[in-house]
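A quick write-up on the structure given underneath.
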Number of protein chains: 2
Amino acid sequence: MAERDQEGKSADLLNIINGDHENRAKPVTSSLPMNGGNGIYSYSKNSYYQKQSAGVEREKIIEEIREKLDMKTHSSVSNTIRLADLGCATGQNTFRTIQTILEAMQRKYKSQISQSCPHDSDDQMPEFQVFFNDLESNDFNTLFTSLPQDRQYLAAGVPGSFHGRLFPESSIHFVHTSFSLHWLSKLPEELQNKASPAWNKGRIHYTSAPNEVIEAYACQFAEDMERFLNARAKELVPQGMMVMIMTGIPKGMPYSQIPTGMLYDSISSSLMDMAKEGIIEEGEVDSFNLAFYAASPEEMAGIVEKNGCFGIERMELTNPAAWMKGPVDIPSLVTHVRAAMEGMFSRHFGSQVMDELFGRLTHKLLDISDLINSTCQEKVQLFAVLKRK
Amino acid sequence: MAERDQEGKSADLLNIINGDHENRAKPVTSSLPMNGGNGIYSYSKNSYYQKQSAGVEREKIIEEIREKLDMKTHSSVSNTIRLADLGCATGQNTFRTIQTILEAMQRKYKSQISQSCPHDSDDQMPEFQVFFNDLESNDFNTLFTSLPQDRQYLAAGVPGSFHGRLFPESSIHFVHTSFSLHWLSKLPEELQNKASPAWNKGRIHYTSAPNEVIEAYACQFAEDMERFLNARAKELVPQGMMVMIMTGIPKGMPYSQIPTGMLYDSISSSLMDMAKEGIIEEGEVDSFNLAFYAASPEEMAGIVEKNGCFGIERMELTNPAAWMKGPVDIPSLVTHVRAAMEGMFSRHFGSQVMDELFGRLTHKLLDISDLINSTCQEKVQLFAVLKRK
C-alpha cells in the first residue's frame, strides 16, 4: 500500500501526456519489450499510469460483459471459458484487468443460470483458462512468478506476435488487448529512403511530419490491423468478444497538438540538439523512427468493416487522464517514459547517452508544461469492443 | 554438429550413473529448477545425456501412437489436438521429443483418414497446441526464445506444479513427462526428526539407509503420484494417452547397487569428509535430503491400479545407457550432475563450497569407476504408457 501511495503522488502526468501507451513499448522491429525485472527503471515498478488508465475503461468492460456476452452458450460446449490478454507485459495491470473480466463473467454466468433455472443456481461454474501473450522477448519469468496465488483460473503464457496466429481455431471466448495495438509490427521502409518524399529526416515519428510520412505510417497500421483481425477471427468462437484499448486521436487533429506528440517532438529536438553538439550523429536521428501509430475511431471502424469478420459493439474516444488531479509531474513522467522506451533508444544511440537524452527531455518538457497541461484533457484513448460474427 | 560431437565424446557416463534424472533436478521443496541461462554449468549446455536417453524411448513412443492413439476420434470434436510436456525444463530435448510425437500423430492421422476415406486423403490436418510445463521458477524466457522457428504447433508455457491442476477439464489428448516424476513434491518430515527411526543422519538420500527411511520416501512418492494421476485424470480426454519416463529400479534391488545410488553415496561421504574437516557442519549434512525416488514397475503399476482412472498400456524397465560405448567419463559426468543439482546444494551448504564438493566427488567416483562401469547396463529407466479410461 505504501508503494501504491508513493506512486500516486508522483504520477500526476504521464497518462495525460501519452495516453499511457509507452509503458507497453513494443519493439521497433521485433525484440524490445519494456524494461524487465524490478529495477528503478523497470516496467513493473513504473506502470502506475496504465493502472489508472485501465481504471477509466474498467466499468465499460464490465458493462459490455453484463449486457452482451452470452456466458451460457459459451460454456455449453466444453465448460471451459478461455481468455487472452494480448501484450500483457510483466506488471500487475494484466492481473487486475483479468480479475475484473473474470468476476464480470462469473456474475453474468450466475445471472443467466438463475434466470433459466431459478431452482438450480448451484449449476457448476465453468473453468477459466487465461492466456497471457507478449513477444518472445518479454520477461515471462517475472510474469509467472508474480501470478496471483489465489487466482481462480488456469494460467498459461503464449510467446509470439499477435499479428500472427497464437491459439487454435475457435478456442477463445474473450480477448483483451490494452496499449499494444498502436505499436506497428515494423517501420515503413520509405521513412529511411532519402529519395522518397516520406524520408523522415530529423524526426523520430510522424508528429510534425509531411503528409507522405503520415500516410506511410497509416498504411502500415492498416496492414498490421488486417493481419491482427484475421488471426483473431480464426481464434475467437462465434460471438466471442474482443476489447481493444489503445492510444487514439480525434479525426483530423494534428498529432503535434496532443501531449504524446509534444513528447515525441521534444525527444526529436533533444536528439537533434545532441547531434549538433557532436554527442551523436545526425544520421542516427534520421534513421531512428518510433513504430507507433494512433488511429481515430473513424479510421479503426473503417479497417474493421473492411475486414468483415467482426461487428462493432462500441468504438469511442475517452480521456485517459480523467482521474488526474493537479498539473503533470514532469520528472515522474520522464521516469515512466524511460521505463518503457529506454531499450529502443539505447539500442540505437548507445546506453551511454541515455542519461543525457532523458535529462534534456525533462528540461524541454518543463519548458512547455503549461501547453501540455492545457491539452491533458483531450480524448486520446480509443476504446473498442468487437464481436466475432 | 561440432558441438554435438564434442558432447558425445565427453558424455560417456552420466546416463549410466543416474538414469538421467538429475538434469531435470526438481526442487527439494519448491523453487529450484536446473541452472538457467547458457553458462558452462547451465542445463541447456549440459543436457546431452537426456537427449541420448530420450532416444532410447523414442521408438517406443512412436509405436504406441501408431498402434493405440485414435487421432480421428480425438480430432473430431474441435479439430485441435493438445499436447503437454510436464517438467519441460529449458533445453532442446523437449522440442525434439515434441517433434517426434507430433510427427507420429500426423502420420497416424493420415493413415486413419486414408483408411476411412481413401479418396479424401487431403482431409484437413488438425491444429496442434503444445503446452510446456515446469515450475514457476523455471527459466521460461530461455525456453520461449529457443522455440523452433519452423514449428508446426501453437506453443504455450504453463507455470506450476504438476501435482496439481494445470489445464482445463478434458482438454488434453497427450501428456509426456520425462525425468521429472521421480522428484518428490516435498521431503517426508520424519527424515529430520531425531526421535524418529526414519531420521536420516549422515546421508543425503535413502540409498544405504534403514528401511524406515526408505518407507518414508515411498509413502511420499505414492502420495505425490496419487495427486498427479488425479489431476491428469481430470485434464485428459477419454482415451487420452500419457507417457511417463523416470528413473526406475528392478523390484527388490537395493538402491546402492545402481549407479545413481553410488553417486549419492559418494556425495554423502564427500560431505561427511568436509564436515569432519570443519568445512561444513555435520548437522548440515543431517538436515539435507534429496527429494528423489525411483520406483519399480510393480510399485508404479500398484499405484496406477489403486487410482483407477487409467489403464496400463505398457510398463517396463529399460537400460538408458544402451547407446553408450566405452567406459564412463567421470569428469564429464560430474559437470552434468553439477548443472542439474548445484542449486540445491549451494542453497543449503553455500556457494563457496561447491568447487570443493564437486572436486571431491570427482575423486571418489574415479576411485569406484570400475564398479560404476560394471553396473552401467542395469535397467534403471522406467517407461510407462497409460490411457485415460
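Identifiers in the C-alpha cells: chain A, B, ... in order shown; residue index from 1 per chain; ligand index from 1 in order shown.
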
Residue neighbourhood B:His348, 9 Å, only C-alpha atoms, exclusion window fewer than 3 positions, as a PyMOL selection string: chain B and resi 284+288+343-345+351

Check: which chain B residues lie within 9 Å of chain A using only C-alpha atoms, as a short mmCIF file (atom, residue, chain, number, x, y, z; two decimals) with N, CA, C and O atoms, in the first residue's frame:
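So iface-v9.cif came out as:
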data_model
loop_
_atom_site.label_atom_id
_atom_site.label_comp_id
_atom_site.auth_asym_id
_atom_site.auth_seq_id
_atom_site.Cartn_x
_atom_site.Cartn_y
_atom_site.Cartn_z
N SER B 78 -12.99 -30.83 -31.96
CA SER B 78 -12.68 -29.42 -32.24
C SER B 78 -11.60 -29.23 -33.29
O SER B 78 -11.19 -28.11 -33.56
N ASN B 79 -11.12 -30.30 -33.87
CA ASN B 79 -10.03 -30.24 -34.83
C ASN B 79 -8.75 -29.65 -34.24
O ASN B 79 -7.89 -29.13 -34.96
N THR B 80 -8.64 -29.68 -32.92
CA THR B 80 -7.40 -29.27 -32.26
C THR B 80 -6.91 -30.41 -31.38
O THR B 80 -7.69 -30.98 -30.61
N GLU B 127 -5.11 -28.86 -35.99
CA GLU B 127 -4.10 -27.95 -35.44
C GLU B 127 -3.57 -28.57 -34.14
O GLU B 127 -4.30 -29.25 -33.42
N PHE B 128 -2.31 -28.29 -33.86
CA PHE B 128 -1.70 -28.80 -32.64
C PHE B 128 -1.33 -27.64 -31.71
O PHE B 128 -0.78 -26.64 -32.15
N GLN B 129 -1.67 -27.81 -30.45
CA GLN B 129 -1.26 -26.83 -29.45
C GLN B 129 -0.42 -27.58 -28.40
O GLN B 129 -0.86 -28.61 -27.88
N PHE B 131 1.62 -27.45 -24.78
CA PHE B 131 1.83 -26.76 -23.51
C PHE B 131 3.12 -27.25 -22.87
O PHE B 131 3.26 -28.44 -22.60
N GLU B 136 7.08 -22.58 -11.59
CA GLU B 136 7.10 -21.13 -11.81
C GLU B 136 8.53 -20.61 -11.93
O GLU B 136 8.79 -19.64 -12.62
N SER B 137 9.46 -21.24 -11.21
CA SER B 137 10.83 -20.73 -11.16
C SER B 137 11.68 -21.21 -12.33
O SER B 137 12.84 -20.85 -12.45
N ASN B 138 11.12 -22.04 -13.19
CA ASN B 138 11.84 -22.48 -14.38
C ASN B 138 12.19 -21.27 -15.26
O ASN B 138 11.50 -20.26 -15.25
N ASP B 139 13.24 -21.39 -16.06
CA ASP B 139 13.63 -20.29 -16.94
C ASP B 139 12.83 -20.35 -18.25
O ASP B 139 13.31 -20.81 -19.27
N PHE B 140 11.59 -19.88 -18.17
CA PHE B 140 10.72 -19.88 -19.35
C PHE B 140 11.23 -18.90 -20.41
O PHE B 140 10.96 -19.09 -21.60
N ASN B 141 11.93 -17.85 -19.99
CA ASN B 141 12.45 -16.91 -21.00
C ASN B 141 13.38 -17.61 -21.97
O ASN B 141 13.31 -17.40 -23.19
N PHE B 144 11.27 -19.96 -24.21
CA PHE B 144 10.48 -19.28 -25.24
C PHE B 144 11.36 -18.74 -26.37
O PHE B 144 10.96 -18.77 -27.53
N THR B 145 12.53 -18.20 -26.01
CA THR B 145 13.37 -17.65 -27.08
C THR B 145 14.08 -18.77 -27.86
O THR B 145 14.66 -18.50 -28.90
N LEU B 154 1.15 -24.51 -32.15
CA LEU B 154 0.98 -23.30 -31.35
C LEU B 154 1.54 -23.61 -29.96
O LEU B 154 1.18 -24.63 -29.36
N ALA B 155 2.42 -22.75 -29.47
CA ALA B 155 3.11 -23.05 -28.21
C ALA B 155 2.60 -22.20 -27.06
O ALA B 155 2.26 -21.03 -27.24
N ALA B 156 2.59 -22.81 -25.87
CA ALA B 156 2.24 -22.06 -24.66
C ALA B 156 3.07 -22.61 -23.50
O ALA B 156 3.44 -23.78 -23.50
N GLY B 157 3.37 -21.76 -22.55
CA GLY B 157 4.07 -22.18 -21.34
C GLY B 157 3.11 -22.19 -20.18
O GLY B 157 2.27 -21.30 -20.06
N VAL B 158 3.19 -23.20 -19.34
CA VAL B 158 2.29 -23.29 -18.19
C VAL B 158 3.11 -23.46 -16.91
O VAL B 158 3.69 -24.52 -16.68
N PRO B 159 3.17 -22.40 -16.11
CA PRO B 159 3.95 -22.48 -14.88
C PRO B 159 3.15 -23.12 -13.75
O PRO B 159 1.97 -22.82 -13.59
N GLY B 160 3.79 -24.01 -13.00
CA GLY B 160 3.10 -24.59 -11.85
C GLY B 160 3.47 -26.04 -11.62
O GLY B 160 4.06 -26.69 -12.48
N ARG B 165 -3.65 -29.15 -10.55
CA ARG B 165 -4.27 -28.91 -11.85
C ARG B 165 -3.52 -27.86 -12.66
O ARG B 165 -3.07 -26.85 -12.12
N LEU B 166 -3.37 -28.12 -13.94
CA LEU B 166 -2.67 -27.20 -14.85
C LEU B 166 -3.53 -26.79 -16.04
O LEU B 166 -3.35 -25.71 -16.59
N PHE B 167 -4.46 -27.67 -16.45
CA PHE B 167 -5.22 -27.46 -17.68
C PHE B 167 -6.71 -27.64 -17.41
O PHE B 167 -7.10 -28.28 -16.44
N PRO B 168 -7.55 -27.12 -18.32
CA PRO B 168 -8.99 -27.31 -18.15
C PRO B 168 -9.39 -28.79 -18.27
O PRO B 168 -8.64 -29.61 -18.81
N GLU B 169 -10.56 -29.07 -17.76
CA GLU B 169 -11.11 -30.43 -17.81
C GLU B 169 -11.18 -30.97 -19.24
O GLU B 169 -11.58 -30.24 -20.16
N SER B 170 -10.83 -32.22 -19.39
CA SER B 170 -10.97 -32.91 -20.70
C SER B 170 -10.47 -32.10 -21.87
O SER B 170 -11.15 -31.94 -22.88
N SER B 171 -9.28 -31.54 -21.74
CA SER B 171 -8.77 -30.68 -22.82
C SER B 171 -7.48 -31.20 -23.45
O SER B 171 -7.08 -30.73 -24.50
#

Expected answer as JSON, numbers by chain: alpha helix (DSSP H) residues in stretch 63-305 of chain A: {"A": [63, 64, 65, 66, 67, 68, 71, 72, 73, 74, 75, 76, 93, 94, 95, 96, 97, 98, 99, 100, 101, 102, 103, 104, 105, 106, 107, 108, 109, 110, 111, 112, 113, 114, 115, 116, 140, 141, 142, 143, 144, 145, 211, 212, 213, 214, 215, 216, 217, 218, 219, 220, 221, 222, 223, 224, 225, 226, 227, 228, 229, 230, 231, 232, 233, 234, 235, 259, 260, 261, 262, 263, 264, 265, 266, 267, 268, 269, 270, 271, 272, 273, 274, 275, 276, 282, 283, 284, 285, 286, 297, 298, 299, 300, 301, 302, 303, 304, 305]}

Pick from A:Ile280, A:Met315, A:Leu366, A:Ile204, whichever lies nearest to A:Glu298 using only C-alpha atoms: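 Once distances to A:Glu298 are computed over only C-alpha atoms, the minimum belongs to A:Met315.
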
All residues 12 Å or closer to B:Gly252, only C-alpha atoms, same chain fewer than 4 positions away omitted, as a PyMOL selection string: chain B and resi 248+256-257+294-299

Distance query A:Asn373 at most 7 Å, only C-alpha atoms, self and fewer than 3 positions along chain excluded, as a list of chain:residue names: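 Residues meeting the cut-off are A:Pro327, A:Val328, A:Ser369, A:Asp370, A:Cys376.
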
Coordinates-based distance that separates atom CA of B:Asn211 from atom CA of B:Leu181 (Å, one decimal):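 Computed distance, atom CA of B:Leu181 to atom CA of B:Asn211, equals 22.0 Å.
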
Atom-to-atom span, atom CA of B:Gly164 and atom CA of B:Glu103, Å: 29.1 Å

Length of the atom CA of B:Glu63 to atom CA of B:Ala222 vector [Å]: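 Computing the Euclidean distance for atom CA of B:Glu63 and atom CA of B:Ala222 yields 28.6 Å.
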
Distance query B:Gln106 at most 12 Å, only C-alpha atoms, self and fewer than 2 positions along chain excluded, as a PyMOL selection string: chain B and resi 62+65-66+69-72+75+81+99-104+108-113+123-128+152-153

Need to verify the contact set: B:Lys379, 6 Å, only C-alpha atoms, exclusion of same-chain residues closer than 3 positions in sequence. Can you return it as a PDB file with N, CA and C atoms, in the first residue's frame?
ATOM      1  N   LEU B 317      11.036 -51.656 -17.614  1.00  0.00           N
ATOM      2  CA  LEU B 317      12.339 -51.046 -17.360  1.00  0.00           C
ATOM      3  C   LEU B 317      13.203 -51.187 -18.597  1.00  0.00           C
ATOM      4  N   THR B 318      13.984 -50.148 -18.864  1.00  0.00           N
ATOM      5  CA  THR B 318      14.941 -50.259 -19.956  1.00  0.00           C
ATOM      6  C   THR B 318      16.303 -49.804 -19.459  1.00  0.00           C
ATOM      7  N   ASN B 319      17.287 -50.123 -20.259  1.00  0.00           N
ATOM      8  CA  ASN B 319      18.641 -49.666 -19.973  1.00  0.00           C
ATOM      9  C   ASN B 319      18.847 -48.330 -20.664  1.00  0.00           C
TER      10      ASN B 319
END

DSSP-assigned strand (DSSP E) members of stretch 183-248 of chain A, reported as a PDB file with all heavy atoms, in the first residue's frame:
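The resulting out_33.pdb:
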ATOM      1  N   LEU A 236     -11.235 -16.706 -32.300  1.00  0.00           N
ATOM      2  CA  LEU A 236     -12.407 -16.454 -31.456  1.00  0.00           C
ATOM      3  C   LEU A 236     -13.572 -17.361 -31.853  1.00  0.00           C
ATOM      4  O   LEU A 236     -13.782 -17.645 -33.038  1.00  0.00           O
ATOM      5  CB  LEU A 236     -12.839 -14.995 -31.569  1.00  0.00           C
ATOM      6  CG  LEU A 236     -12.114 -14.025 -30.622  1.00  0.00           C
ATOM      7  CD1 LEU A 236     -12.225 -12.595 -31.129  1.00  0.00           C
ATOM      8  CD2 LEU A 236     -12.694 -14.106 -29.205  1.00  0.00           C
ATOM      9  N   VAL A 237     -14.326 -17.795 -30.865  1.00  0.00           N
ATOM     10  CA  VAL A 237     -15.549 -18.545 -31.138  1.00  0.00           C
ATOM     11  C   VAL A 237     -16.595 -17.571 -31.692  1.00  0.00           C
ATOM     12  O   VAL A 237     -16.470 -16.356 -31.496  1.00  0.00           O
ATOM     13  CB  VAL A 237     -16.099 -19.216 -29.850  1.00  0.00           C
ATOM     14  CG1 VAL A 237     -15.069 -20.155 -29.236  1.00  0.00           C
ATOM     15  CG2 VAL A 237     -16.519 -18.167 -28.830  1.00  0.00           C
ATOM     16  N   PRO A 238     -17.615 -18.078 -32.362  1.00  0.00           N
ATOM     17  CA  PRO A 238     -18.686 -17.182 -32.820  1.00  0.00           C
ATOM     18  C   PRO A 238     -19.267 -16.421 -31.621  1.00  0.00           C
ATOM     19  O   PRO A 238     -19.470 -17.007 -30.553  1.00  0.00           O
ATOM     20  CB  PRO A 238     -19.717 -18.145 -33.417  1.00  0.00           C
ATOM     21  CG  PRO A 238     -18.923 -19.353 -33.809  1.00  0.00           C
ATOM     22  CD  PRO A 238     -17.831 -19.472 -32.800  1.00  0.00           C
ATOM     23  N   GLN A 239     -19.490 -15.134 -31.795  1.00  0.00           N
ATOM     24  CA  GLN A 239     -19.988 -14.258 -30.725  1.00  0.00           C
ATOM     25  C   GLN A 239     -18.958 -14.009 -29.621  1.00  0.00           C
ATOM     26  O   GLN A 239     -19.280 -13.450 -28.575  1.00  0.00           O
ATOM     27  CB  GLN A 239     -21.293 -14.780 -30.103  1.00  0.00           C
ATOM     28  CG  GLN A 239     -22.423 -14.962 -31.117  1.00  0.00           C
ATOM     29  CD  GLN A 239     -22.776 -13.641 -31.802  1.00  0.00           C
ATOM     30  OE1 GLN A 239     -23.021 -12.641 -31.156  1.00  0.00           O
ATOM     31  NE2 GLN A 239     -22.732 -13.643 -33.141  1.00  0.00           N
ATOM     32  N   GLY A 240     -17.720 -14.448 -29.842  1.00  0.00           N
ATOM     33  CA  GLY A 240     -16.653 -14.124 -28.899  1.00  0.00           C
ATOM     34  C   GLY A 240     -16.386 -12.632 -28.925  1.00  0.00           C
ATOM     35  O   GLY A 240     -16.583 -11.966 -29.935  1.00  0.00           O
ATOM     36  N   MET A 241     -15.933 -12.110 -27.792  1.00  0.00           N
ATOM     37  CA  MET A 241     -15.810 -10.656 -27.637  1.00  0.00           C
ATOM     38  C   MET A 241     -14.350 -10.232 -27.613  1.00  0.00           C
ATOM     39  O   MET A 241     -13.497 -10.940 -27.086  1.00  0.00           O
ATOM     40  CB  MET A 241     -16.503 -10.243 -26.335  1.00  0.00           C
ATOM     41  CG  MET A 241     -16.659  -8.743 -26.134  1.00  0.00           C
ATOM     42  SD  MET A 241     -17.604  -8.381 -24.626  1.00  0.00           S
ATOM     43  CE  MET A 241     -19.285  -8.356 -25.263  1.00  0.00           C
ATOM     44  N   MET A 242     -14.071  -9.049 -28.172  1.00  0.00           N
ATOM     45  CA  MET A 242     -12.704  -8.515 -28.138  1.00  0.00           C
ATOM     46  C   MET A 242     -12.735  -7.054 -27.711  1.00  0.00           C
ATOM     47  O   MET A 242     -13.404  -6.230 -28.334  1.00  0.00           O
ATOM     48  CB  MET A 242     -12.039  -8.661 -29.502  1.00  0.00           C
ATOM     49  CG  MET A 242     -10.646  -8.056 -29.544  1.00  0.00           C
ATOM     50  SD  MET A 242      -9.558  -8.868 -30.709  1.00  0.00           S
ATOM     51  CE  MET A 242     -10.269  -8.359 -32.264  1.00  0.00           C
ATOM     52  N   VAL A 243     -12.010  -6.752 -26.643  1.00  0.00           N
ATOM     53  CA  VAL A 243     -11.881  -5.375 -26.167  1.00  0.00           C
ATOM     54  C   VAL A 243     -10.495  -4.869 -26.549  1.00  0.00           C
ATOM     55  O   VAL A 243      -9.488  -5.490 -26.223  1.00  0.00           O
ATOM     56  CB  VAL A 243     -12.061  -5.298 -24.632  1.00  0.00           C
ATOM     57  CG1 VAL A 243     -11.707  -3.906 -24.114  1.00  0.00           C
ATOM     58  CG2 VAL A 243     -13.485  -5.674 -24.245  1.00  0.00           C
ATOM     59  N   MET A 244     -10.449  -3.739 -27.258  1.00  0.00           N
ATOM     60  CA  MET A 244      -9.183  -3.164 -27.681  1.00  0.00           C
ATOM     61  C   MET A 244      -9.064  -1.748 -27.114  1.00  0.00           C
ATOM     62  O   MET A 244      -9.931  -0.907 -27.361  1.00  0.00           O
ATOM     63  CB  MET A 244      -9.108  -3.106 -29.203  1.00  0.00           C
ATOM     64  CG  MET A 244      -9.409  -4.434 -29.891  1.00  0.00           C
ATOM     65  SD  MET A 244      -9.070  -4.433 -31.694  1.00  0.00           S
ATOM     66  CE  MET A 244     -10.275  -3.241 -32.282  1.00  0.00           C
ATOM     67  N   ILE A 245      -7.999  -1.524 -26.378  1.00  0.00           N
ATOM     68  CA  ILE A 245      -7.734  -0.187 -25.836  1.00  0.00           C
ATOM     69  C   ILE A 245      -6.373   0.244 -26.372  1.00  0.00           C
ATOM     70  O   ILE A 245      -5.407  -0.516 -26.306  1.00  0.00           O
ATOM     71  CB  ILE A 245      -7.725  -0.199 -24.290  1.00  0.00           C
ATOM     72  CG1 ILE A 245      -9.082  -0.683 -23.764  1.00  0.00           C
ATOM     73  CG2 ILE A 245      -7.377   1.176 -23.741  1.00  0.00           C
ATOM     74  CD1 ILE A 245      -9.105  -0.991 -22.278  1.00  0.00           C
ATOM     75  N   MET A 246      -6.302   1.405 -26.934  1.00  0.00           N
ATOM     76  CA  MET A 246      -5.025   1.892 -27.459  1.00  0.00           C
ATOM     77  C   MET A 246      -5.063   3.417 -27.509  1.00  0.00           C
ATOM     78  O   MET A 246      -6.101   4.025 -27.275  1.00  0.00           O
ATOM     79  CB  MET A 246      -4.774   1.326 -28.858  1.00  0.00           C
ATOM     80  CG  MET A 246      -5.844   1.650 -29.875  1.00  0.00           C
ATOM     81  SD  MET A 246      -5.483   1.024 -31.559  1.00  0.00           S
ATOM     82  CE  MET A 246      -4.308   2.241 -32.145  1.00  0.00           C
ATOM     83  N   THR A 247      -3.922   4.005 -27.810  1.00  0.00           N
ATOM     84  CA  THR A 247      -3.925   5.444 -27.978  1.00  0.00           C
ATOM     85  C   THR A 247      -4.695   5.792 -29.234  1.00  0.00           C
ATOM     86  O   THR A 247      -4.549   5.133 -30.266  1.00  0.00           O
ATOM     87  CB  THR A 247      -2.490   5.969 -28.063  1.00  0.00           C
ATOM     88  OG1 THR A 247      -1.837   5.666 -26.829  1.00  0.00           O
ATOM     89  CG2 THR A 247      -2.478   7.477 -28.250  1.00  0.00           C
TER      90      THR A 247
END

Long-range neighbours of A:Gln377 as a PyMOL selection string, 9 Å cut-off, only C-alpha atoms, 5 positions minimum in chain: chain A and resi 16+319-322
